[in-house]
Amino acid sequence: MRKILKGLGIIVALLIIVGAIFYVVNDKPLPTGMKGEKAEALATKMMHALNYEAYNNAEVLEWSFRGNHFYKWNKTENLVEVSWGQNKVLLNTKEPEKSVVYVSNTKTENQQLIQKATEYFNNDSFWLVAPFKIFDVGVERRIVKHNNKNALLITYTTGGSTPGDSYLWILNDDGFPTSFKMWTDLIPIGGVEASWSDWKKTEAGFQLPTKHSISLFGMELNMGDVKASSPKADMLANRILKKLKHEAYKNTRYIEWSFRGKRFFKWDKQKHIIKVKWDNNTVILHPNDLEKSTLFIDGKESTEDKEKLVKRAEAIFNNDSFWLVGPHKLFEPGILRTIVQIEGKEALKVKYTTGGSTPGDSYIWVLNDDFLPVKFLMTVPSLKMDQVPATWEDWIETESGTLLPKNHTFSSGSKLSMGDVKAYN
């Protein structure tokens, strides 16, 4: 028996020694870093790379955690459906006392499950949206040199389940996070690294992680089928399109109109070729391959200043067509949709993050009771315009069956005529 106990003691001693060596080799001190403008600039670059605005506008996020915990988070209403095993908690993140608990589909008053759901949500949501939280209240930001590149050290001084934790975000050249190193109360070894590399582009226009790999432990955290959407904004956008008979618009072959009586257009939508006329110039514009475009001056084909005039034709088509078909473009790629309140009624804000001549512009569509756009508020940073109003009026149902406007009026009282608007097949 003494030999057995002695052997066990030797094994335990060896394990302690090995554990101590492992700890000494792998434990890394928390870097200090520097607060200030450079740290704030790097954090802002990271937010831009992540498309924080799209994340902030998203209404609903869905994911799971290691196949055990399941979530549907309505960000706009501060409500999360948290499910695990036979339990489901409709968690109110702002007022937990208003949360509702179900066990095996039966409502119960089990307050411990509310606390458990809160802990699960705090932990599991962090592994989904941590990069978007670096400007939260109570967060300190420092810039750190890591492998001769700038990295961002984040410390949570308040909030969550474990205030005091720190994370060093490793970024690529564009500022997009690829991993972080952790110094937390729950992990005794400092500097453990976790990947942020398996990202998925969501319906809401930004990316979310689908899994993480953690160094040392060989652990993988699977985030399940991650989703992000804005169902209420999308529903309002679809009501607008239904009112405008958008299906007929999609099937329309030709559209003709003019702009202030000075520029004239005939657009073959199916082939995406546009005849653009202004002054003594006519361009047969091929937007998808500008080199195929042809230029006519006074009715004769010409190559004089062709490149310049083709680009001019493209620019005026982008601008002038928007004033005709802007409401039909609500679901084009790179558009963020959000519901806002204007004069006590729901309006649809759309922001163009890509495409067109001036990405970054946004428009708030103000609707009548039938969801017909009656005006919009324009924000165009390049022109220093901030919610400048213009009407959308004199809508007509065209030969092809879709609705298009004939006139606009600005707050100054000036008019913008779209001329003899036609749409046909």
# chains A, B, ... in the order shown; residues from 1 in each chain; ligands from 1
>>> residues_around(residues="Arg142 of chain A", least_positions_apart="4", cutoff="7 Å", atoms="only C-alpha atoms", output="ChimeraX atom specification")
/A:33-35,39,152-154
>>> select_by_dssp(residues="segment 82-249 of chain A", states="strand (DSSP E)", output="VMD selection string")
chain A and resid 82 to 84 87 to 92 100 to 103 106 to 108 139 to 146 149 to 156 166 to 171 177 to 183 192 to 195 198 to 201 207 to 214 219 to 222 227 to 229
>>> closest_atom_pairs(of="segment 107-191 of chain A", to="segment 75-92 of chain A", cutoff="12 Å", atoms="only C-alpha atoms", output="JSON lines")
{"residue": "A:Lys107", "atom": "CA", "partner": "A:Lys88", "partner_atom": "CA", "distance": 9.3}
{"residue": "A:Thr108", "atom": "CA", "partner": "A:Val89", "partner_atom": "CA", "distance": 10.0}
{"residue": "A:Glu109", "atom": "CA", "partner": "A:Val89", "partner_atom": "CA", "distance": 10.6}
{"residue": "A:Asn110", "atom": "CA", "partner": "A:Val89", "partner_atom": "CA", "distance": 9.9}
{"residue": "A:Gln111", "atom": "CA", "partner": "A:Val89", "partner_atom": "CA", "distance": 10.2}
{"residue": "A:Gln112", "atom": "CA", "partner": "A:Val89", "partner_atom": "CA", "distance": 10.8}
{"residue": "A:Leu113", "atom": "CA", "partner": "A:Val89", "partner_atom": "CA", "distance": 7.4}
{"residue": "A:Ile114", "atom": "CA", "partner": "A:Val89", "partner_atom": "CA", "distance": 6.6}
{"residue": "A:Gln115", "atom": "CA", "partner": "A:Leu91", "partner_atom": "CA", "distance": 9.6}
{"residue": "A:Lys116", "atom": "CA", "partner": "A:Val89", "partner_atom": "CA", "distance": 9.4}
{"residue": "A:Ala117", "atom": "CA", "partner": "A:Val82", "partner_atom": "CA", "distance": 6.3}
{"residue": "A:Thr118", "atom": "CA", "partner": "A:Leu91", "partner_atom": "CA", "distance": 7.4}
{"residue": "A:Glu119", "atom": "CA", "partner": "A:Val82", "partner_atom": "CA", "distance": 10.7}
{"residue": "A:Tyr120", "atom": "CA", "partner": "A:Val82", "partner_atom": "CA", "distance": 8.3}
{"residue": "A:Phe121", "atom": "CA", "partner": "A:Val82", "partner_atom": "CA", "distance": 7.5}
{"residue": "A:Asn122", "atom": "CA", "partner": "A:Val80", "partner_atom": "CA", "distance": 11.2}
{"residue": "A:Asp124", "atom": "CA", "partner": "A:Val82", "partner_atom": "CA", "distance": 10.6}
{"residue": "A:Ser125", "atom": "CA", "partner": "A:Val80", "partner_atom": "CA", "distance": 10.5}
>>> write_last_selection(atoms="N, CA and C atoms", output="PDB file, in the first residue's frame")
ATOM      1  N   LYS A 107     -45.504  27.695 -18.780  1.00  0.00           N
ATOM      2  CA  LYS A 107     -45.020  28.921 -18.156  1.00  0.00           C
ATOM      3  C   LYS A 107     -44.744  28.693 -16.683  1.00  0.00           C
ATOM      4  N   THR A 108     -43.621  29.253 -16.205  1.00  0.00           N
ATOM      5  CA  THR A 108     -43.241  29.087 -14.810  1.00  0.00           C
ATOM      6  C   THR A 108     -42.643  30.384 -14.295  1.00  0.00           C
ATOM      7  N   GLU A 109     -42.499  30.490 -12.961  1.00  0.00           N
ATOM      8  CA  GLU A 109     -41.939  31.698 -12.350  1.00  0.00           C
ATOM      9  C   GLU A 109     -40.516  31.460 -11.856  1.00  0.00           C
ATOM     10  N   ASN A 110     -39.792  30.560 -12.467  1.00  0.00           N
ATOM     11  CA  ASN A 110     -38.453  30.190 -12.033  1.00  0.00           C
ATOM     12  C   ASN A 110     -37.463  31.317 -12.332  1.00  0.00           C
ATOM     13  N   GLN A 111     -37.146  32.108 -11.291  1.00  0.00           N
ATOM     14  CA  GLN A 111     -36.249  33.251 -11.464  1.00  0.00           C
ATOM     15  C   GLN A 111     -34.809  32.817 -11.725  1.00  0.00           C
ATOM     16  N   GLN A 112     -34.435  31.634 -11.242  1.00  0.00           N
ATOM     17  CA  GLN A 112     -33.074  31.163 -11.471  1.00  0.00           C
ATOM     18  C   GLN A 112     -32.799  30.953 -12.956  1.00  0.00           C
ATOM     19  N   LEU A 113     -33.824  30.558 -13.703  1.00  0.00           N
ATOM     20  CA  LEU A 113     -33.642  30.357 -15.140  1.00  0.00           C
ATOM     21  C   LEU A 113     -33.449  31.688 -15.864  1.00  0.00           C
ATOM     22  N   ILE A 114     -34.036  32.767 -15.324  1.00  0.00           N
ATOM     23  CA  ILE A 114     -33.796  34.095 -15.907  1.00  0.00           C
ATOM     24  C   ILE A 114     -32.337  34.479 -15.730  1.00  0.00           C
ATOM     25  N   GLN A 115     -31.793  34.229 -14.529  1.00  0.00           N
ATOM     26  CA  GLN A 115     -30.392  34.525 -14.281  1.00  0.00           C
ATOM     27  C   GLN A 115     -29.488  33.664 -15.159  1.00  0.00           C
ATOM     28  N   LYS A 116     -29.837  32.383 -15.304  1.00  0.00           N
ATOM     29  CA  LYS A 116     -29.045  31.482 -16.140  1.00  0.00           C
ATOM     30  C   LYS A 116     -29.084  31.931 -17.598  1.00  0.00           C
ATOM     31  N   ALA A 117     -30.270  32.328 -18.093  1.00  0.00           N
ATOM     32  CA  ALA A 117     -30.392  32.807 -19.472  1.00  0.00           C
ATOM     33  C   ALA A 117     -29.570  34.070 -19.677  1.00  0.00           C
ATOM     34  N   THR A 118     -29.556  34.952 -18.675  1.00  0.00           N
ATOM     35  CA  THR A 118     -28.761  36.179 -18.764  1.00  0.00           C
ATOM     36  C   THR A 118     -27.272  35.860 -18.865  1.00  0.00           C
ATOM     37  N   GLU A 119     -26.800  34.921 -18.051  1.00  0.00           N
ATOM     38  CA  GLU A 119     -25.394  34.529 -18.093  1.00  0.00           C
ATOM     39  C   GLU A 119     -25.038  33.899 -19.438  1.00  0.00           C
ATOM     40  N   TYR A 120     -25.908  33.011 -19.926  1.00  0.00           N
ATOM     41  CA  TYR A 120     -25.665  32.396 -21.232  1.00  0.00           C
ATOM     42  C   TYR A 120     -25.595  33.459 -22.322  1.00  0.00           C
ATOM     43  N   PHE A 121     -26.557  34.384 -22.294  1.00  0.00           N
ATOM     44  CA  PHE A 121     -26.621  35.415 -23.337  1.00  0.00           C
ATOM     45  C   PHE A 121     -25.388  36.308 -23.295  1.00  0.00           C
ATOM     46  N   ASN A 122     -24.980  36.736 -22.090  1.00  0.00           N
ATOM     47  CA  ASN A 122     -23.798  37.599 -21.969  1.00  0.00           C
ATOM     48  C   ASN A 122     -22.572  36.915 -22.557  1.00  0.00           C
ATOM     49  N   ASP A 124     -22.453  34.039 -24.652  1.00  0.00           N
ATOM     50  CA  ASP A 124     -22.572  33.514 -26.015  1.00  0.00           C
ATOM     51  C   ASP A 124     -22.723  34.618 -27.049  1.00  0.00           C
ATOM     52  N   SER A 125     -23.366  35.734 -26.675  1.00  0.00           N
ATOM     53  CA  SER A 125     -23.477  36.848 -27.614  1.00  0.00           C
ATOM     54  C   SER A 125     -22.128  37.523 -27.804  1.00  0.00           C
TER      55      SER A 125
END
>>> atom_distance(atom1="atom CA of Val366 of chain A", atom2="atom CA of Lys245 of chain A")
17.8 Å
>>> residues_around(residues="Leu383 of chain A", least_positions_apart="3", cutoff="12 Å", atoms="only C-alpha atoms", output="ChimeraX atom specification")
/A:358,360-361,378-380,386-388
>>> write_last_selection(atoms="C-alpha atoms", output="JSON list (two decimals), in the first residue's frame")
[["chain", "number", "residue", "atom", "x", "y", "z"],
["A", 358, "THR", "CA", -22.06, 58.88, -54.67],
["A", 360, "GLY", "CA", -22.85, 57.05, -48.74],
["A", 361, "ASP", "CA", -26.02, 58.94, -49.67],
["A", 378, "MET", "CA", -32.08, 63.60, -48.99],
["A", 379, "THR", "CA", -28.77, 63.36, -47.16],
["A", 380, "VAL", "CA", -25.88, 63.71, -49.60],
["A", 386, "ASP", "CA", -28.80, 67.00, -44.73],
["A", 387, "GLN", "CA", -32.41, 65.73, -44.99],
["A", 388, "VAL", "CA", -33.31, 68.16, -47.78]]
>>> atom_distance(atom1="atom CA of Glu193 of chain A", atom2="atom CA of Trp169 of chain A")
9.7 Å
>>> closest_residue(among="A:Ala233, A:Leu30, A:Ile274, A:Leu324", to="Asp165 of chain A", atoms="only C-alpha atoms")
A:Leu30
>>> closest_atom_pairs(of="segment 179-224 of chain A", to="segment 60-63 of chain A", cutoff="9 Å", atoms="only C-alpha atoms", output="tab-separated table")
residue	atom	partner	partner_atom	distance
A:Thr210	CA	A:Trp63	CA	8.7
A:Met223	CA	A:Trp63	CA	5.9
A:Gly224	CA	A:Trp63	CA	5.6
>>> write_last_selection(atoms="C-alpha atoms", output="PDB file, in the first residue's frame")
ATOM      1  CA  THR A 210     -19.591  31.047 -37.681  1.00  0.00           C
ATOM      2  CA  MET A 223     -21.958  29.499 -33.644  1.00  0.00           C
ATOM      3  CA  GLY A 224     -24.470  27.550 -35.740  1.00  0.00           C
TER       4      GLY A 224
END
>>> atom_distance(atom1="atom CA of Val374 of chain A", atom2="atom CA of Lys406 of chain A")
12.2 Å
>>> closest_residue(among="A:Gly138, A:Gly344, A:Pro405, A:Pro29", to="Phe259 of chain A", atoms="only C-alpha atoms")
A:Pro405
>>> closest_atom_pairs(of="segment 246-306 of chain A", to="segment 391-401 of chain A", cutoff="9 Å", atoms="only C-alpha atoms", output="CSV")
residue,atom,partner,partner_atom,distance
A:His246,CA,A:Gly401,CA,8.9
A:Glu247,CA,A:Gly401,CA,8.9
A:Ala248,CA,A:Gly401,CA,5.5
A:Tyr249,CA,A:Gly401,CA,7.4
A:Asn251,CA,A:Ser400,CA,8.0
A:Thr252,CA,A:Ser400,CA,5.9
A:Arg253,CA,A:Ser400,CA,8.4
A:Tyr254,CA,A:Ser400,CA,8.9
>>> write_last_selection(atoms="C-alpha atoms", output="PDB file, in the first residue's frame")
ATOM      1  CA  HIS A 246     -42.726  46.568 -58.887  1.00  0.00           C
ATOM      2  CA  GLU A 247     -43.235  43.181 -60.552  1.00  0.00           C
ATOM      3  CA  ALA A 248     -44.438  45.038 -63.643  1.00  0.00           C
ATOM      4  CA  TYR A 249     -41.371  47.286 -63.386  1.00  0.00           C
ATOM      5  CA  ASN A 251     -40.707  42.963 -66.519  1.00  0.00           C
ATOM      6  CA  THR A 252     -40.673  46.340 -68.304  1.00  0.00           C
ATOM      7  CA  ARG A 253     -38.478  46.407 -71.437  1.00  0.00           C
ATOM      8  CA  TYR A 254     -38.248  50.127 -72.304  1.00  0.00           C
TER       9      TYR A 254
END
>>> select_by_dssp(residues="segment 221-336 of chain A", states="alpha helix (DSSP H)", output="PDB file with N, CA and C atoms, in the first residue's frame")
ATOM      1  N   PRO A 231     -36.511  42.454 -40.522  1.00  0.00           N
ATOM      2  CA  PRO A 231     -37.795  42.057 -41.103  1.00  0.00           C
ATOM      3  C   PRO A 231     -38.832  43.169 -41.166  1.00  0.00           C
ATOM      4  N   LYS A 232     -38.860  44.059 -40.168  1.00  0.00           N
ATOM      5  CA  LYS A 232     -39.863  45.127 -40.196  1.00  0.00           C
ATOM      6  C   LYS A 232     -39.558  46.134 -41.303  1.00  0.00           C
ATOM      7  N   ALA A 233     -38.289  46.508 -41.435  1.00  0.00           N
ATOM      8  CA  ALA A 233     -37.916  47.434 -42.505  1.00  0.00           C
ATOM      9  C   ALA A 233     -38.141  46.798 -43.861  1.00  0.00           C
ATOM     10  N   ASP A 234     -37.823  45.517 -43.985  1.00  0.00           N
ATOM     11  CA  ASP A 234     -38.026  44.828 -45.263  1.00  0.00           C
ATOM     12  C   ASP A 234     -39.503  44.728 -45.605  1.00  0.00           C
ATOM     13  N   MET A 235     -40.341  44.515 -44.585  1.00  0.00           N
ATOM     14  CA  MET A 235     -41.780  44.442 -44.825  1.00  0.00           C
ATOM     15  C   MET A 235     -42.314  45.779 -45.339  1.00  0.00           C
ATOM     16  N   LEU A 236     -41.834  46.882 -44.737  1.00  0.00           N
ATOM     17  CA  LEU A 236     -42.273  48.196 -45.193  1.00  0.00           C
ATOM     18  C   LEU A 236     -41.799  48.452 -46.622  1.00  0.00           C
ATOM     19  N   ALA A 237     -40.549  48.065 -46.925  1.00  0.00           N
ATOM     20  CA  ALA A 237     -40.032  48.233 -48.287  1.00  0.00           C
ATOM     21  C   ALA A 237     -40.859  47.430 -49.283  1.00  0.00           C
ATOM     22  N   ASN A 238     -41.238  46.238 -48.915  1.00  0.00           N
ATOM     23  CA  ASN A 238     -42.050  45.410 -49.816  1.00  0.00           C
ATOM     24  C   ASN A 238     -43.441  45.986 -50.025  1.00  0.00           C
ATOM     25  N   ARG A 239     -43.992  46.640 -49.016  1.00  0.00           N
ATOM     26  CA  ARG A 239     -45.298  47.290 -49.185  1.00  0.00           C
ATOM     27  C   ARG A 239     -45.203  48.449 -50.179  1.00  0.00           C
ATOM     28  N   ILE A 240     -44.074  49.174 -50.120  1.00  0.00           N
ATOM     29  CA  ILE A 240     -43.855  50.250 -51.097  1.00  0.00           C
ATOM     30  C   ILE A 240     -43.805  49.661 -52.508  1.00  0.00           C
ATOM     31  N   LEU A 241     -43.025  48.598 -52.674  1.00  0.00           N
ATOM     32  CA  LEU A 241     -42.873  47.994 -54.007  1.00  0.00           C
ATOM     33  C   LEU A 241     -44.195  47.437 -54.524  1.00  0.00           C
ATOM     34  N   LYS A 242     -44.988  46.870 -53.632  1.00  0.00           N
ATOM     35  CA  LYS A 242     -46.293  46.356 -54.072  1.00  0.00           C
ATOM     36  C   LYS A 242     -47.170  47.497 -54.578  1.00  0.00           C
ATOM     37  N   LYS A 243     -47.151  48.620 -53.856  1.00  0.00           N
ATOM     38  CA  LYS A 243     -47.936  49.777 -54.284  1.00  0.00           C
ATOM     39  C   LYS A 243     -47.465  50.288 -55.637  1.00  0.00           C
ATOM     40  N   HIS A 246     -44.127  46.801 -58.569  1.00  0.00           N
ATOM     41  CA  HIS A 246     -42.726  46.568 -58.887  1.00  0.00           C
ATOM     42  C   HIS A 246     -42.521  45.352 -59.789  1.00  0.00           C
ATOM     43  N   GLU A 247     -43.370  44.350 -59.672  1.00  0.00           N
ATOM     44  CA  GLU A 247     -43.235  43.181 -60.552  1.00  0.00           C
ATOM     45  C   GLU A 247     -43.362  43.593 -62.016  1.00  0.00           C
ATOM     46  N   ALA A 248     -44.302  44.529 -62.275  1.00  0.00           N
ATOM     47  CA  ALA A 248     -44.438  45.038 -63.643  1.00  0.00           C
ATOM     48  C   ALA A 248     -43.199  45.819 -64.052  1.00  0.00           C
ATOM     49  N   TYR A 249     -42.610  46.555 -63.103  1.00  0.00           N
ATOM     50  CA  TYR A 249     -41.371  47.286 -63.386  1.00  0.00           C
ATOM     51  C   TYR A 249     -40.253  46.322 -63.777  1.00  0.00           C
ATOM     52  N   LYS A 250     -40.122  45.223 -63.055  1.00  0.00           N
ATOM     53  CA  LYS A 250     -39.058  44.258 -63.359  1.00  0.00           C
ATOM     54  C   LYS A 250     -39.216  43.676 -64.760  1.00  0.00           C
ATOM     55  N   ASN A 251     -40.448  43.547 -65.204  1.00  0.00           N
ATOM     56  CA  ASN A 251     -40.707  42.963 -66.519  1.00  0.00           C
ATOM     57  C   ASN A 251     -40.762  43.998 -67.640  1.00  0.00           C
ATOM     58  N   LYS A 306     -14.486  61.266 -76.754  1.00  0.00           N
ATOM     59  CA  LYS A 306     -15.443  60.184 -76.529  1.00  0.00           C
ATOM     60  C   LYS A 306     -15.425  59.701 -75.078  1.00  0.00           C
ATOM     61  N   GLU A 307     -14.245  59.419 -74.562  1.00  0.00           N
ATOM     62  CA  GLU A 307     -14.171  58.872 -73.196  1.00  0.00           C
ATOM     63  C   GLU A 307     -14.803  59.820 -72.189  1.00  0.00           C
ATOM     64  N   LYS A 308     -14.500  61.096 -72.339  1.00  0.00           N
ATOM     65  CA  LYS A 308     -15.053  62.097 -71.428  1.00  0.00           C
ATOM     66  C   LYS A 308     -16.568  62.177 -71.536  1.00  0.00           C
ATOM     67  N   LEU A 309     -17.094  62.182 -72.761  1.00  0.00           N
ATOM     68  CA  LEU A 309     -18.535  62.329 -72.949  1.00  0.00           C
ATOM     69  C   LEU A 309     -19.296  61.054 -72.579  1.00  0.00           C
ATOM     70  N   VAL A 310     -18.669  59.894 -72.757  1.00  0.00           N
ATOM     71  CA  VAL A 310     -19.308  58.646 -72.324  1.00  0.00           C
ATOM     72  C   VAL A 310     -19.432  58.631 -70.800  1.00  0.00           C
ATOM     73  N   LYS A 311     -18.378  59.048 -70.126  1.00  0.00           N
ATOM     74  CA  LYS A 311     -18.446  59.101 -68.666  1.00  0.00           C
ATOM     75  C   LYS A 311     -19.456  60.136 -68.204  1.00  0.00           C
ATOM     76  N   ARG A 312     -19.574  61.227 -68.961  1.00  0.00           N
ATOM     77  CA  ARG A 312     -20.594  62.232 -68.647  1.00  0.00           C
ATOM     78  C   ARG A 312     -21.984  61.634 -68.800  1.00  0.00           C
ATOM     79  N   ALA A 313     -22.200  60.875 -69.862  1.00  0.00           N
ATOM     80  CA  ALA A 313     -23.494  60.225 -70.084  1.00  0.00           C
ATOM     81  C   ALA A 313     -23.811  59.257 -68.956  1.00  0.00           C
ATOM     82  N   GLU A 314     -22.809  58.517 -68.516  1.00  0.00           N
ATOM     83  CA  GLU A 314     -23.017  57.573 -67.411  1.00  0.00           C
ATOM     84  C   GLU A 314     -23.418  58.308 -66.140  1.00  0.00           C
ATOM     85  N   ALA A 315     -22.754  59.415 -65.849  1.00  0.00           N
ATOM     86  CA  ALA A 315     -23.040  60.177 -64.630  1.00  0.00           C
ATOM     87  C   ALA A 315     -24.443  60.754 -64.641  1.00  0.00           C
ATOM     88  N   ILE A 316     -24.858  61.327 -65.791  1.00  0.00           N
ATOM     89  CA  ILE A 316     -26.198  61.920 -65.804  1.00  0.00           C
ATOM     90  C   ILE A 316     -27.274  60.836 -65.827  1.00  0.00           C
ATOM     91  N   PHE A 317     -26.992  59.668 -66.415  1.00  0.00           N
ATOM     92  CA  PHE A 317     -27.961  58.569 -66.343  1.00  0.00           C
ATOM     93  C   PHE A 317     -28.128  58.106 -64.899  1.00  0.00           C
ATOM     94  N   ASN A 318     -27.022  57.940 -64.174  1.00  0.00           N
ATOM     95  CA  ASN A 318     -27.115  57.516 -62.773  1.00  0.00           C
ATOM     96  C   ASN A 318     -27.953  58.497 -61.962  1.00  0.00           C
ATOM     97  N   ASN A 319     -27.711  59.792 -62.172  1.00  0.00           N
ATOM     98  CA  ASN A 319     -28.473  60.804 -61.432  1.00  0.00           C
ATOM     99  C   ASN A 319     -29.930  60.871 -61.888  1.00  0.00           C
ATOM    100  N   ASP A 320     -30.152  61.015 -63.197  1.00  0.00           N
ATOM    101  CA  ASP A 320     -31.490  61.304 -63.693  1.00  0.00           C
ATOM    102  C   ASP A 320     -32.425  60.100 -63.600  1.00  0.00           C
ATOM    103  N   SER A 321     -31.879  58.885 -63.726  1.00  0.00           N
ATOM    104  CA  SER A 321     -32.726  57.700 -63.602  1.00  0.00           C
ATOM    105  C   SER A 321     -33.169  57.502 -62.156  1.00  0.00           C
ATOM    106  N   PHE A 322     -32.320  57.914 -61.209  1.00  0.00           N
ATOM    107  CA  PHE A 322     -32.715  57.767 -59.805  1.00  0.00           C
ATOM    108  C   PHE A 322     -33.970  58.574 -59.503  1.00  0.00           C
ATOM    109  N   TRP A 323     -34.089  59.758 -60.110  1.00  0.00           N
ATOM    110  CA  TRP A 323     -35.269  60.587 -59.874  1.00  0.00           C
ATOM    111  C   TRP A 323     -36.529  59.979 -60.504  1.00  0.00           C
ATOM    112  N   LEU A 324     -36.360  58.986 -61.333  1.00  0.00           N
ATOM    113  CA  LEU A 324     -37.512  58.316 -61.950  1.00  0.00           C
ATOM    114  C   LEU A 324     -37.824  56.988 -61.256  1.00  0.00           C
ATOM    115  N   VAL A 325     -36.789  56.210 -60.945  1.00  0.00           N
ATOM    116  CA  VAL A 325     -37.023  54.831 -60.484  1.00  0.00           C
ATOM    117  C   VAL A 325     -36.425  54.561 -59.103  1.00  0.00           C
TER     118      VAL A 325
END
